[in-house]
Structure formats: C-alpha cells, structure tokens
Amino acid sequence: MKLPLKWLKEYVDFNVSIDRFVELMMWRGFEIAGVEPEMPITNTVVGRITAISKHPNADKLQICSLDIGESEKLTIVTGASNIFEGALVPVALDGAQLMDGIVIHPTNMRGVHSAGMLCSGKELGLTEEDYPGAEVYGILILQGDHPLGQPIQEAVGMDDVVFDIELTPNRADCASIIGICREAAAALGQKFREPVIRDIQGAGDASEYAAVDVLAPDLCPRYVARVVTDIKIAPSPRWMQKKLRAVGLRPINNIVDITNYVMVEYGHPMHAFDLSCVADGHIVVRKAQPGEKVVTLDSKERATTPDMLLIADPTKGVGIAGVMGGENSEITENTKVVLFEAAVFKGSSIRHTTRELHHVTDAAARFIKGVEPVNAMLASQRAIELVDELGAGRVVGKAIDVCNVDTADRVVSADIAHVNRILNTKFTGAEMAAMLDTINIPARVEGDALKITVPHYRVDIESSIETDWDIAEEVGRIYGYDNIPPTLMRGDTFRGRLSLACSQEDKIKDICVLLGSYEMYNYNFIGPGDLNALRLPEGDEKRLAVKLLNPFGEDQSLMRTTLLPGMLKSVALNCNRKTGQGRFFEVGNVHVDNNPDLAEERRMLGFAFTGEGEDFFTLKGAIEILMERLGLDEEFSVAPGGGEYFQPGQKAVLYLQGEAVGEMGTIHPDTQKAYGIPQKCYIAEIAMEKLMERFPRTRTYHALPKYPVVPRDIAVVVDESVTAEQVRKAIEQAPVKVILENVALFDVYRGKGIPEGKKSMAYSYTLRAEDRTLTDGDISGAMDALVKSLSARLGAELRA
Amino acid sequence: MLESLEKIRQETLARLKAAQDGAELDEINVSILGRNGTLTGILRSMGKLSKEERAALGQAANAVKKELEGELAKRKTEVGEKMQALRFQKEALDVTEPGKPGRLPGRLHPMTQTYREIRDALIGMGFTTFEGPEVEYDDYNFTKLNLPLDHPARDMQDTFYVNDRVVLRTHTSPCEARALLNVEPPFRLIMPGRVFRVDEVDASHSPVFMQIEGFVVDRDITLADLKGILLTFIHTVFGEEVRMRFRPSYFPFTEPSAEVDISCTLCGGKGCRACKGTGWLEILGCGVSNPHIIENCGLDPKEWKGVAFGVGVDRITSLKHGITDIRLEYENDARFLKQF
C-alpha cells in the first residue's frame with residue numbers, strides 16, 4: 001500500500017517527523033517497509049545563469065556563472081546549448097546524487113574548474129508529464145520564478161514522500177487512502193477529517209438506460225450501476241494524474257482514471273463499460289457457459305470454466321467479474337455513455353478464477369482480500385462526484401442497486417472482564433470505549449458487556465466466539481502492547497524435559513560427533529533420477545516415494561525415501577570444491593508412501609565417510625563404537641547383504657539381536673559416477689527408531705578380576721571362504737575350562753608360507769579364572785581346546 | 001702420610017671444581033672415595049701404623065673424606081642443575097608453532113546447536129518436546145488452525161501439496177492441533193521440526209527450513225505471560241542486554257498477534273547492515289491462540305487459553321553467526337560446517 005504524505009495531509013494534521021510517524025504506525029500494527037522520496041535526488045538546487053562565456057580550450061563547452069543565492073557565484077562548465085543568461089536551471093552541487101546513482105563532484109574541464117553540473121530533466125528522473133520541458137534535449141529550464149537555492153524537488157513540485165506500508169490480510173479496509181489515513185490519524189493522535197461525498201442530483205434514472213440481473217447472488221452480493229451520458233473523453237486533470245502516478249498507476253483517460261482513483265481512495269475496485277457495447281444495456285452477472293471465451297482488455301483471449309463468474313449481456317460476455325473487463329466494451333475515444341460498476345464479488349470465487357486463469361489484477365487482489373457492500377455504494381457515489389467535478393459527462397440521477405445482503409450496522413457484544421483476562425489488564429468498560437472511539441468505533445457499556453457498533457469497513461470484527469479476542473486486539477493495539485508489562489506464567493508447575501526420543505537423538509548425534517563426523521542438513525526433495533542412480537529395482541520399498549503435486553521441478557518432485565541422495569550430493573560438492581575429505585552424518589526423516597492415509601515417516605541416521613584414511617572398516621568401526629556407546633554392542637552383528645547402491649562383496653546388513661536395523665557398504669561405482677563423486681565413498685543408513693527402542697541400556701557392574709589375566713595369541717590357517725565371524729565364534733565357543741575373553745582379530749595374512757586359497761588369521765584373547773592364578777596346565781589346556789574347536793569346526797590348522 | 005692425604009685432598013677439590021658433568025664426578029667418586037679409591041687406600045694402609053699415628057691419621061682422613069663427600073654432593077647438585085639447564089635449553093620449543101590436533105571430533109550442524117539452545121531455554125521454563133509429522137493433513141495444517149479452504153491467508157504461504165488432503169506442513173503449528181487433540185491440558189510444549197514452503201532458493205529463502213513452535217495451554221495464560229516467556233527466552237539465548245520489541249501484527253492462528261524484534265545483536269541497536277539501519281531484528285511471530293483453534297480441537301476457549309510462538313531456527317542461526325546466505329546451511333560444505 002502506497003501512501004503519499006501530501007495525500008495524508010489532506011485528511012490529517014501531520015506534526016511529527018517521518019521517523020516518528022513510521023514508529024507510531026509500527027505500534028499500531030502497520031509496518032512501513034519503505035519511505036521513498038517522490039524525486040530521489042539530493043543536493044540539487046535552483047540557480048540563475050548570470051553570465052555565459054566561451055570555453056577557451058573547447059569549442060563545444062561554455063562557462064556559466066551561477067547565482068544560487070549565496071555570496072559567491074559558482075562557475076560551472078556545460079556542453080548544453082539551450083541555456084541563456086537569466087535562465088533558472090537545476091544545479092547539482094558537490095556530492096549531489098542524480099538518477100541511476102550518478103554522483104556529482106567538482107572537476108576540472110579542459111583547464112577550467114567546474115563546481116558542479118547543470119541538469120537535464122532526464123538526469124533528474126523527470127518526464128514531460130512531471131514537468132513541461134523535462135524531455136527537451138539540453139538543460140531543464142525552470143518556468144516561473146523560484147527562490148535561488150531552493151531544493152529542486154520544491155521547484156518542480158515533486159517534494160512529496162511516499163510511504164510503502166505492509167498491510168496484514170485482516171485489514172483490507174486499510175488498502176485505501178481513506179482507510180489508512182483513518183488509522184494514521186489515530187496513531188498521530190489527530191482528528192481524521194472524514195471526506196463527505198457530495199450528492200450529485202442528476203436527472204433521470206439509470207434503469208432508463210440499463211438493466212442489471214444477478215443470476216448468481218451468492219457470488220455477487222451487491223451490484224451498483226451508475227450511468228453517465230454525454231461523455232467527453234479527455235485526459236484527467238494534472239492533480240489526479242499526479243496522485244495516480246504517486247501510487248504507481250498510469251493515467252489513461254478521465255473515465256478510466258476515475259475508476260482507478262476511486263479504487264485507490266476508497267479501496268473498492270470499479271469498472272467502466274461503454275454502454276453502447278452492452279446489448280440492450282442489459283448487464284447479466286452469471287456463471288460462464290462451457291467453452292465460453294472472453295477477450296479481456298489486454299487483448300488476450302481467455303477460456304473460462306463454468307465455475308467462473310462473468311459479466312455478460314444477453315448475447316456475450318463483456319468481462320470476467322472482478323478480474324478484468326472485456327475488450328468488446330472498453331472505454332474508447334468515441335464512448336458516449338458509460339456504465340460504472342461497483343460490485344461485491346465473493347473473494348473465494350475470484351481467487352479460484354485467478355488461479356485458473358493464472359492472472360491476478362489489482363482489482364482481483366482486492367476482491368480476494370475482501371470488499372464490502374456499503375463501500376460499493378460509497379465508491380459509486382464518489383465516482384459520480386468526480387465525473388461531475390471533472391465535467392466528464394452528464395450524470396443520470398438514480399443508481400441501479402441489486403443488493404442481496406444486509407447492509408445495516410452490526411452491533412457486537414464483548415465481555416469486558418474476558419477482554420481483560422486475555423490481555424492481563426484492568427480496564428473499565430468506559431476506558432475501552434474511549435480507546436475504541438479513537439479509531440471511530442462507537443461503543444457503550446451495558447452491564448458487564450461492551451456493545452460495539454462495528455463500522456461497515458471493519459469486516460474483521462465479527463460477532464462470533466472470536467469477538468472478545470477481536471476487541472482485545474483493538475484495545476491492546478490502541479493502549480500499546482509495549483505498555484502491557486510482561487509477567488511470569490502462573491498456575492500449575494511443570495516438569496520441563498526432553499521427550500525420550502529427543503534425548504536419545506541428542507545422545508546419538510553427540511556420539512556421531514565424537515566419531516569425527518560433521519553433521520549435514522540436506523533437503524528432503526529428490527527426483528526419479530535419484531531412484532535410478534541408486535539402481536533401485538522395481539518394487540523396491542525405496543521407490544515408494546511421496547510425490548508432490550507442485551514441485552519446483554522433476555528432480556525435486558519426491559520426498560526422500562533414504563538419506564543417500566542428499567548425502568551423496570553433499571559429498572560430491574565437497575569433492576568438487578576440494579574441501580578435503582572426511583566423515584559426515586545426518587539425522588533426518590524419510591517418507592515411505594506405503595499407506596493410503598499419511599505416508600510412513602521414519603527417522604534415519606546416515607553416515608558418509610570418504611577420502612584418505614577411510615575405508616569400509618573405518619566406517620564399520622565407527623558404527624561399532626556407536627553401538628558400544630549405546631550399550632548395544634553385545635546385540636550388534638553384521639552379515640553380507642544390502643542394497644544395489646553398494647558394491648557387491650563390500651556391503652553388509654546391520655543387525656541388533658537378529659533384527660535388521662540398517663545397512664552399510666562401499667557405494668557402487670555406477671552410483672558413485674551418477675553423483676559425480678571422484679573417489680570411493682562409504683555409506684551407512686540406520687533406522688533411528690530401531691536403535692531407540694533398545695536403549696537406554698543400563699550397564700550392570702562386572703566385578704574386576706581378582707587374579708591375573710593372561711594374554712595369548714593364536715594364528716590359524718583356514719580356507720579363504722571362512723569368515724572372521726566364524727573363527728571368532730569357534731574360539732569363543734571352544735570348551736575351555738577357564739574364562740576366555742577379549743577375542744580380537746589382529747592380523748590376516750596371505751602369501752608366502754600360506755598355501756594358495758588359504759589365509760592366516762591371528763587372534764588375541766585373554767584367559768583368567770575367578771578363584772585362582774592360572775597354572776601352565778590351565779593355559780595349555782585352553783590352547784588345546786581352541787585348536788581342537790577350530791580344527792573340528794573350520795578345518796583350521798595352527799600356523800607353523 | 002699426612003702429606004699425601006693433603007695432596008689427595010687438594011687434587012680432588014681441584015678436580016671436583018673442574019668437573020663438568022656427572023660422569024666425571026662419578027669417576028672422581030670411584031677413584032678417590034670408592035672401594036679401590038686412593039683415599040680408601042690410605043685408610044686401609046693405616047693398619048701398619050702405630051695406635052697414636054692411626055688415631056691421628058684416621059681422624060684427619062675421615063675429616064678429608066667427609067669434606068670431599070660434602071663437596072662431591074654439592075658439585076653433583078651444581079653440575080646436575082647446570083646439565084639440566086643445558087638440556088632444557090636444547091629442548092626448548094617454539095611454542096608459537098601450531099598445535100597437533102590428533103583425531104578430531106566432528107561438529108553438530110550450527111542449526112542443531114541453535115535448536116538445542118532455544119529448546120533448553122524453554123525447558124527451563126517447564127516446556128516439554130512434542131513432535132508431529134512433516135507430511136501432514138491439510139486439516140491440521142490449515143483448517144483446524146482457523147484457515148478454512150477459502151481463507152485469503154492461505155495465500156500467505158504457498159504450499160507443497162501431496163494430494164487434496166495432504167500437504168508438506170508449512171509451519172510447525174499443526175502440532176498445536178495434534179497437541180490439543182491428544183494431550184490433556186494444561187501443557188507447555190516445544191514443537192520443533194522441518195517445514196516446507198514453495199519458495200525458490202536464494203540467499204534469504206529456502207523451500208525447507210526449521211521452526212520451533214512454543215505452545216502453552218492453561219486456564220489463565222495471557223498476552224502478558226507470552227511477553228514474559230519471550231523476554232526470558234530472548235535473554236537466555238541472546239543475552240541479558242538484548243531488548244525486545246513486541247509489536248502488533250496478524251496471524252490467522254492467534255489473536256491478538258504480535259511480531260517480536262530484538263535489538264540488533266551486531267550493532268546493539270545503533271543501526272547497521274544486518275538490521276538494515278533500523279537497530280532491530282525480527283525474530284518471531286506469536287500471539288494468543290485464536291479461539292477457533294481451541295474450539296476446533298474440542299476445548300472451550302473461554303476455559304482454556306493458549307499462547308503460541310514460532311521461531312525460525314535458520315534465521316536465528318544466521319543472526320547469531322552472521323551468516324548472510326541461508327543456502328550455506330543446506331549445502332554441507334565441510335569448510336562451513338567446521339566453523340561452528
């Protein structure tokens with residue numbers, strides 16, 4: 001919403017600084033996002049050329065002596081030829097900022113010092129409409145007399161400032177000069193000089209010229225039509241053009257400008273039809289027929305659908321209601337009779353129409369935000385007043401008013417004590433009424449209630465369960481939120497805490513950090529290309545992605561079913577930028593569209609390890625430590641297996657007590673290539689819920705060994721096909737008579753001394769007893785048992 | 001004998017004085033005072049002497065021995081200290097050389113850090129965490145929150161749709177509906193999570209971002225209490241010196257509604273680039289729950305009052321760390337992640 005200060009001053013005494021006004025409006029709920037000078041030029045003043053002489057060193061330059069009302073005259077060199085002695089011209093002084101950010105400084109021009117610059121209209125950003133002669137080639141010659149040294153803005157009458165006000169959607173009434181000035185007056189503590197529309201007593205009755213039938217009264221609660229004959233199409237007066245331009249509208253002709261002016265002033269969109277183009281002068285407000293097309297004012301043919309509202313005559317559509325008029329009934333130079341439309345169209349209907357047509361106009365936006373029937377009548381009256389004032393035609397007296405809605409004043413009731421309860425205040429009803437009076441809302445106290453007569457334009461104040469809150473908002477806003485002291489919550493006390501899931505997630509993330517990994521945040525969006533890059537087979541659960549109806553593009557059209565694509569993209573980015581390598585993790589939701597209702601949401605933990613020093617087993621080691629820290633190490637195991645995005649033979653499924661909880665592996669070279677990753681990448685993905693449902697685990701204390709622990713090693717030669725897991729189990733489960741613990745693989749050897757197809761695996765372990773120091777016999781007995789177990793179960797031989 | 005004793009004494013004292021290291025002193029100890037040392041030799045040879053001579057010489061020899069032992073100990077200390085000083089000098093480090101990091105832990109994403117900070121401030125006020133789904137019913141995201149189908153405010157936020165009933169939640173507020181329907185009041189909840197808007201990515205917009213919603217439902221919770229909660233929260237997260245501005249605004253979910261600004265954390269309110277010269281930074285929207293929401297979820301709004309506020313974690317993170325481009329927060333450039 002643009003509000004020119006000069007326009008505001010027509011209704012309100014303005015006696016504060018601009019900054020103060022911005023602050024006062026802010027406290028009323030009106031954020032002023034910008035304060036723009038009408039002419040954004042600095043340090044440029046009116047000067048008189050007192051003498052002109054030729055430049056000694058340049059044929060095309062002249063040296064001017066300028067009087068800007070100071071004791072010293074200025075010398076300025078110019079190349080323009082339209083200047084003369086005695087002319088009043090704009091003088092840009094040292095530091096002046098002109099259009100397009102040009103800054104002026106004193107300079108030496110071919111040996112002559114020039115203190116500034118004489119400006120053209122263009123350099124000041126002026127057009128012929130702004131100031132006559134502004135587009136003449138050369139220096140702008142000012143007309144009339146002006147004090148020397150006067151700021152150029154004042155001299156050309158462009159010294160206004162325009163406020164750019166951000167309106168909240170509940171205050172559609174303030175999307176009008178009248179509405180916002182009413183609030184501004186209250187913010188300034190000044191009286192609002194409400195304009196009174198002159199009643200134009202014309203002869204006749206509009207119904208002699210036109211008829212209006214509203215066939216869809218639910219979508220068009222009111223339609224007011226005024227007729228003007230003997231139209232004289234002409235440009236609108238300069239004052240009107242200037243105001244329209246100030247709010248960003250382009251003047252067209254007197255009739256169109258009147259409709260736009262009223263829209264800005266009263267906030268109500270209007271339309272003017274050339275009545276001679278409306279068959280029988282008969283306006284029919286109806287839904288479009290199947291396949292009906294309307295060519296709108298912008299010369300575009302628009303295909304309508306039967307749920308759109310049209311303005312038609314008995315033969316054809318003449319406009320799309322609330323959006324844009326038809327080209328066939330447009331105001332032209334030859335228009336003689338005009339029908340002004342001021343109607344109320346239902347916002348949701350207009351909203352639907354604009355969506356279907358992919359076209360929003362200023363008028364449509366206003367209908368969508370909501371207009372009201374009383375204002376429709378006011379707007380039509382104001383338009384007629386302006387027609388009369390501009391001498392644009394002969395006003396036909398009586399309006400056509402098809403009104404299917406109650407326009408009587410609404411009275412709502414607010415519970416005074418309850419309003420105070422919402423705000424934590426102690427106002428009396430009379431105090432509240434006095435506050436409401438400052439924004440022209442009449443209220444009186446009736447027992448415990450405040451009876452409020454709601455002005456027609458305050459459609460946001462309802463008679464509903466919301467009324468007390470509506471009034472609390474107004475009272476709070478007028479009193480000032482800042483004046484309500486903050487309090488501490490009373491009532492029950494609460495045990496503040498993290499939910500179990502949150503604290504578990506914290507713990508898991510903290511462990512991931514300790515493992516050296518950096519946390520990633522990736523977007524949830526993936527595309528079908530990602531599913532293919534992951535080599536997912538048809539029917540894979542990860543292909544059941546939630547699909548968006550309105551994505552940015554196909555590559556972002558699905559919700560991720562796995563963290564892999566995001567992590568791989570981030571790894572690729574880091575590789576491309578050569579940011580070094582490292583460990584990353586992410587905790588985030590994936591969605592599996594396996595449910596007709598809401599998609600299943602799963603929280604996943606992902607790891608991505610890449611670069612120097614990282615391999616399958618550094619990743620596995622990290623996962624083992626994670627499990628150990630969570631107290632799940634004894635339940636944790638892996639077995640070969642996992643998705644197609646991993647390299648065969650380098651992938652594993654992760655289990656907790658035999659239940660699959662995730663997978664890990666080396667990314668398949670094809671997948672790696674698809675994401676443009678130049679190096680090996682090791683990824684794991686684990687279902688957070690599966691971890692969480694198993695912990696917190698409370699560890700039970702194990703008594704410390706009382707007797708010495710004996711460390712021993714054993715190296716065995718086995719077939720290549722024997723796994724480390726099998727060997728470990730054969731050792732752990734050997735029938736030894738003492739306690740055997742801490743079995744760990746420390747070396748795998750192939751090559752010299754080991755037959756082809758075999759490998760040597762070396763394990764360390766410890767032995768002890770609960771009740772005594774081990775004897776040599778105990779130790780050799782245990783060793784024998786191990787060898788027997790390994791030999792019997794795996795055909796292992798002790799390495800020589 | 002006495003002469004040779006004196007000679008040994010003189011020579012040894014001289015040698016002790018001249019000795020430069022522990023090895024030399026040890027050698028003197030062995031050669032003079034040791035089992036086969038010269039002084040020991042004198043003492044041993046005393047057997048041949050008369051009783052008187054023996055007594056006199058013994059006394060003298062013991063005095064010399066004691067003296068030399070004392071001197072030796074003294075010199076040992078002196079030489080030891082000197083040697084150590086020399087060693088220290090040799091081993092002196094350039095302490096300005098960079099430290100060795102060893103195996104480093106990683107880092108939590110700055111947004112996680114901010115989230116925890118905000119969350120912990122609220123937990124101190126008796127709040128509990130409560131989560132809802134990212135893919136959400138339109139009904140919870142809009143309709144129950146006083147945004148019926150044709151409400152113009154639905155245009156305020158462009159929504160990703162899954163179908164006509166399901167959306168990607170555009171805010172964490174659907175958790176309010178879920179809480180009202182499932183949690184016995186009174187309650188104080190923190191509702192964190194990712195939210196989605198149809199915003200093209202640029203330096204200040206992201207289609208995915210993180211919000212934390214605070215929601216209190218109690219019999220007598222007021223706008224003044226909301227101010228109190230937010231002031232405490234702001235002081236905890238941004239510091240006691242930060243000022244709060246609580247100004248009227250509009251949201252369909254709350255009435256009265258407010259937007260909250262804090263005095264600029266970079267310039268202290270004088271005006272700078274971060275606050276666009278205003279001295280204030282907008283950090284959240286809030287208000288007293290609209291009675292329609294309470295009623296839509298089956299409670300009597302005259303009995304149960306709510307206050308709610310929604311904070312953008314991305315925005316607070318950017319403000320706290322001076323991050324000027326929100327895209328960095330979802331790009332995962334290691335050089336970025338390592339800074340926090």
# chains A, B, ... in the order shown; residues from 1 in each chain; ligands from 1

$ select_by_dssp --residues "stretch 97-331 of chain B" --states "alpha helix (DSSP H)" --output "JSON, numbers by chain"
{"B": [110, 111, 112, 113, 114, 115, 116, 117, 118, 119, 120, 121, 122, 123, 138, 139, 140, 141, 174, 175, 176, 177, 178, 179, 180, 181, 182, 223, 224, 225, 226, 227, 228, 229, 230, 231, 232, 233, 234, 235, 236, 237, 238, 291, 292, 293, 294, 295, 296, 313, 314, 315, 316, 317, 318, 319, 320, 321]}

$ interface_residues --of "chain A" --to "chain B" --cutoff "6 Å" --atoms "only C-alpha atoms" --output "PyMOL selection string"
chain A and resi 27+29+168+348+369+422-424+469+473+486-489+494-499+513-522+548-550+570+574

$ atom_distance --atom1 "atom CA of B:Leu319" --atom2 "atom CA of B:Thr265"
7.7 Å

$ residues_around --residues "B:Leu25" --least-positions-apart "3" --cutoff "10 Å" --atoms "only C-alpha atoms" --output "ChimeraX atom specification"
/B:15-22,28-31,72-73,75-76,79

$ write_last_selection --atoms "C-alpha atoms" --output "PDB file, in the first residue's frame"
ATOM      1  CA  ARG B  15      89.211 -31.951  40.160  1.00  0.00           C
ATOM      2  CA  LEU B  16      85.751 -31.589  41.683  1.00  0.00           C
ATOM      3  CA  LYS B  17      85.820 -27.924  40.907  1.00  0.00           C
ATOM      4  CA  ALA B  18      86.857 -28.557  37.355  1.00  0.00           C
ATOM      5  CA  ALA B  19      84.411 -31.405  36.733  1.00  0.00           C
ATOM      6  CA  GLN B  20      81.809 -30.568  34.035  1.00  0.00           C
ATOM      7  CA  ASP B  21      79.431 -33.469  34.119  1.00  0.00           C
ATOM      8  CA  GLY B  22      78.011 -36.282  36.233  1.00  0.00           C
ATOM      9  CA  ILE B  28      86.211 -38.959  40.945  1.00  0.00           C
ATOM     10  CA  ASN B  29      83.926 -40.658  43.415  1.00  0.00           C
ATOM     11  CA  VAL B  30      85.152 -44.087  42.340  1.00  0.00           C
ATOM     12  CA  SER B  31      88.848 -43.198  42.019  1.00  0.00           C
ATOM     13  CA  LEU B  72      81.106 -34.026  45.827  1.00  0.00           C
ATOM     14  CA  ALA B  73      77.409 -33.852  46.767  1.00  0.00           C
ATOM     15  CA  ARG B  75      79.126 -30.348  42.958  1.00  0.00           C
ATOM     16  CA  LYS B  76      76.733 -33.086  41.902  1.00  0.00           C
ATOM     17  CA  VAL B  79      76.547 -29.898  37.804  1.00  0.00           C
TER      18      VAL B  79
END

$ select_by_dssp --residues "stretch 250-480 of chain A" --states "strand (DSSP E or B)" --output "ChimeraX atom specification"
/A:271-274,282-287,293-296,301-303,309-312,317-320,324-326,338-344,394-395,398,400-403,410-415,443-446,449-454

$ residues_around --residues "A:Val571" --least-positions-apart "5" --cutoff "8 Å" --atoms "only C-alpha atoms" --output "ChimeraX atom specification"
/A:608,610,677

$ write_last_selection --atoms "C-alpha atoms" --output "PDB file, in the first residue's frame"
ATOM      1  CA  ALA A 608      29.083 -40.845   4.759  1.00  0.00           C
ATOM      2  CA  THR A 610      35.144 -40.584   2.152  1.00  0.00           C
ATOM      3  CA  ILE A 677      31.953 -38.417  -6.956  1.00  0.00           C
TER       4      ILE A 677
END

$ residues_around --residues "B:Asp325" --least-positions-apart "5" --cutoff "8 Å" --atoms "only C-alpha atoms" --output "list in words"
Asp202, Ala203, Ser204 and Ser318 of chain B

$ write_last_selection --atoms "N, CA, C and O atoms" --output "PDB file, in the first residue's frame"
ATOM      1  N   ASP B 202      17.079 -18.750  -2.565  1.00  0.00           N
ATOM      2  CA  ASP B 202      18.027 -17.648  -2.755  1.00  0.00           C
ATOM      3  C   ASP B 202      18.696 -17.380  -1.413  1.00  0.00           C
ATOM      4  O   ASP B 202      18.565 -18.176  -0.491  1.00  0.00           O
ATOM      5  N   ALA B 203      19.409 -16.249  -1.330  1.00  0.00           N
ATOM      6  CA  ALA B 203      20.217 -16.019  -0.131  1.00  0.00           C
ATOM      7  C   ALA B 203      19.382 -15.977   1.140  1.00  0.00           C
ATOM      8  O   ALA B 203      19.861 -16.301   2.221  1.00  0.00           O
ATOM      9  N   SER B 204      18.107 -15.591   1.019  1.00  0.00           N
ATOM     10  CA  SER B 204      17.318 -15.491   2.243  1.00  0.00           C
ATOM     11  C   SER B 204      16.096 -16.403   2.241  1.00  0.00           C
ATOM     12  O   SER B 204      15.300 -16.359   3.166  1.00  0.00           O
ATOM     13  N   SER B 318      21.431 -17.798  11.525  1.00  0.00           N
ATOM     14  CA  SER B 318      22.068 -16.791  10.673  1.00  0.00           C
ATOM     15  C   SER B 318      22.402 -15.536  11.487  1.00  0.00           C
ATOM     16  O   SER B 318      23.501 -14.989  11.369  1.00  0.00           O
TER      17      SER B 318
END

$ residues_around --residues "A:Ala433" --least-positions-apart "4" --cutoff "7 Å" --atoms "only C-alpha atoms" --output "number ranges by chain"
A: 429, 437, 443-444

$ write_last_selection --atoms "all heavy atoms" --output "short mmCIF file (atom, residue, chain, number, x, y, z; two decimals), in the first residue's frame"
data_model
loop_
_atom_site.label_atom_id
_atom_site.label_comp_id
_atom_site.auth_asym_id
_atom_site.auth_seq_id
_atom_site.Cartn_x
_atom_site.Cartn_y
_atom_site.Cartn_z
N GLY A 429 -15.01 -0.72 31.31
CA GLY A 429 -15.70 -0.67 30.03
C GLY A 429 -15.61 0.71 29.41
O GLY A 429 -15.41 0.84 28.19
N ASP A 437 -13.10 4.64 20.51
CA ASP A 437 -13.57 5.88 19.88
C ASP A 437 -12.45 6.55 19.07
O ASP A 437 -12.71 7.19 18.06
CB ASP A 437 -14.10 6.84 20.96
CG ASP A 437 -14.71 8.08 20.34
OD1 ASP A 437 -15.62 7.92 19.51
OD2 ASP A 437 -14.24 9.19 20.65
N ALA A 443 -18.79 2.60 20.94
CA ALA A 443 -19.06 1.51 21.88
C ALA A 443 -19.68 2.09 23.15
O ALA A 443 -19.39 3.22 23.53
CB ALA A 443 -17.77 0.78 22.22
N ARG A 444 -20.56 1.33 23.76
CA ARG A 444 -21.11 1.77 25.05
C ARG A 444 -21.15 0.58 26.00
O ARG A 444 -21.23 -0.58 25.56
CB ARG A 444 -22.50 2.40 24.86
CG ARG A 444 -23.53 1.44 24.38
CD ARG A 444 -24.78 2.12 23.89
NE ARG A 444 -25.44 1.28 22.91
CZ ARG A 444 -26.15 0.18 23.22
NH1 ARG A 444 -26.31 -0.18 24.47
NH2 ARG A 444 -26.69 -0.56 22.27
#

$ residues_around --residues "stretch 49-54 of chain A" --least-positions-apart "2" --cutoff "8 Å" --atoms "only C-alpha atoms" --output "ChimeraX atom specification"
/A:47,56,59,61-67,84-89

$ write_last_selection --atoms "all heavy atoms" --output "compact mmCIF listing (two decimals), in the first residue's frame"
# COMPACT_ATOMS: atom_id res chain seq x y z
N GLY A 47 19.31 27.57 -9.59
CA GLY A 47 20.34 28.61 -9.79
C GLY A 47 20.00 29.47 -10.99
O GLY A 47 19.29 29.02 -11.90
N PRO A 56 37.80 28.59 -23.29
CA PRO A 56 38.99 28.92 -24.11
C PRO A 56 39.56 27.72 -24.85
O PRO A 56 40.18 27.88 -25.89
CB PRO A 56 39.99 29.47 -23.09
CG PRO A 56 39.53 28.94 -21.76
CD PRO A 56 38.04 28.78 -21.86
N ASP A 59 35.54 24.03 -28.12
CA ASP A 59 34.51 24.73 -28.91
C ASP A 59 33.11 24.46 -28.39
O ASP A 59 32.27 25.34 -28.38
CB ASP A 59 34.58 24.27 -30.37
CG ASP A 59 35.81 24.86 -31.04
OD1 ASP A 59 36.41 25.77 -30.42
OD2 ASP A 59 36.14 24.41 -32.15
N LEU A 61 32.06 23.63 -25.38
CA LEU A 61 31.76 23.88 -23.97
C LEU A 61 31.57 25.37 -23.72
O LEU A 61 32.17 26.21 -24.39
CB LEU A 61 32.88 23.35 -23.09
CG LEU A 61 33.10 21.83 -23.12
CD1 LEU A 61 34.24 21.44 -22.19
CD2 LEU A 61 31.82 21.09 -22.75
N GLN A 62 30.72 25.64 -22.72
CA GLN A 62 30.51 27.04 -22.32
C GLN A 62 30.72 27.13 -20.81
O GLN A 62 30.48 26.17 -20.08
CB GLN A 62 29.08 27.47 -22.63
CG GLN A 62 28.72 27.28 -24.09
CD GLN A 62 27.41 27.96 -24.41
OE1 GLN A 62 27.38 29.18 -24.60
NE2 GLN A 62 26.33 27.20 -24.43
N ILE A 63 31.16 28.30 -20.38
CA ILE A 63 31.38 28.51 -18.95
C ILE A 63 30.25 29.41 -18.43
O ILE A 63 30.03 30.49 -18.95
CB ILE A 63 32.74 29.18 -18.70
CG1 ILE A 63 33.85 28.29 -19.28
CG2 ILE A 63 32.97 29.43 -17.22
CD1 ILE A 63 35.19 28.99 -19.36
N CYS A 64 29.53 28.90 -17.40
CA CYS A 64 28.41 29.65 -16.84
C CYS A 64 28.77 30.16 -15.47
O CYS A 64 29.40 29.47 -14.68
CB CYS A 64 27.17 28.78 -16.71
SG CYS A 64 26.66 28.06 -18.25
N SER A 65 28.30 31.32 -15.17
CA SER A 65 28.40 31.85 -13.82
C SER A 65 27.00 31.72 -13.21
O SER A 65 26.02 32.11 -13.84
CB SER A 65 28.85 33.31 -13.88
OG SER A 65 29.01 33.77 -12.56
N LEU A 66 26.94 31.12 -12.02
CA LEU A 66 25.63 30.82 -11.45
C LEU A 66 25.45 31.44 -10.09
O LEU A 66 26.35 31.40 -9.25
CB LEU A 66 25.47 29.30 -11.33
CG LEU A 66 25.08 28.71 -12.68
CD1 LEU A 66 25.83 27.46 -12.94
CD2 LEU A 66 23.57 28.52 -12.75
N ASP A 67 24.26 31.96 -9.90
CA ASP A 67 23.89 32.52 -8.60
C ASP A 67 22.91 31.53 -7.96
O ASP A 67 21.84 31.25 -8.50
CB ASP A 67 23.21 33.88 -8.82
CG ASP A 67 22.86 34.56 -7.49
OD1 ASP A 67 23.05 33.89 -6.43
OD2 ASP A 67 22.39 35.71 -7.53
N PHE A 84 20.62 30.23 -21.54
CA PHE A 84 20.74 31.65 -21.84
C PHE A 84 20.90 32.40 -20.53
O PHE A 84 20.56 31.88 -19.45
CB PHE A 84 19.51 32.14 -22.62
CG PHE A 84 18.20 31.79 -21.96
CD1 PHE A 84 17.58 32.65 -21.03
CD2 PHE A 84 17.57 30.57 -22.24
CE1 PHE A 84 16.39 32.31 -20.43
CE2 PHE A 84 16.36 30.23 -21.63
CZ PHE A 84 15.77 31.10 -20.72
N GLU A 85 21.43 33.60 -20.60
CA GLU A 85 21.64 34.39 -19.39
C GLU A 85 20.28 34.73 -18.79
O GLU A 85 19.35 35.08 -19.50
CB GLU A 85 22.45 35.64 -19.71
CG GLU A 85 23.92 35.29 -19.93
CD GLU A 85 24.79 36.49 -20.29
OE1 GLU A 85 24.29 37.63 -20.22
OE2 GLU A 85 25.97 36.26 -20.62
N GLY A 86 20.18 34.59 -17.47
CA GLY A 86 18.91 34.86 -16.78
C GLY A 86 18.07 33.62 -16.56
O GLY A 86 17.11 33.66 -15.80
N ALA A 87 18.42 32.49 -17.21
CA ALA A 87 17.61 31.28 -17.07
C ALA A 87 17.75 30.70 -15.67
O ALA A 87 18.83 30.76 -15.06
CB ALA A 87 18.04 30.24 -18.10
N LEU A 88 16.64 30.13 -15.17
CA LEU A 88 16.69 29.39 -13.90
C LEU A 88 16.87 27.92 -14.25
O LEU A 88 16.09 27.36 -15.04
CB LEU A 88 15.39 29.59 -13.11
CG LEU A 88 15.17 31.00 -12.52
CD1 LEU A 88 13.82 31.04 -11.79
CD2 LEU A 88 16.28 31.38 -11.55
N VAL A 89 17.88 27.30 -13.65
CA VAL A 89 18.22 25.91 -14.01
C VAL A 89 18.51 25.09 -12.75
O VAL A 89 18.86 25.66 -11.71
CB VAL A 89 19.46 25.88 -14.94
CG1 VAL A 89 19.14 26.47 -16.30
CG2 VAL A 89 20.64 26.59 -14.28

$ closest_residue --among "A:Leu564, A:Leu310, A:Ala660, A:Leu74" --to "A:Phe607" --atoms "only C-alpha atoms"
A:Leu564

$ atom_distance --atom1 "atom CA of A:Ile400" --atom2 "atom CA of A:Val454"
26.4 Å

$ closest_residue --among "A:Met26, A:Met263, A:Val212, A:Arg48" --to "A:Asp145" --atoms "only C-alpha atoms"
A:Arg48
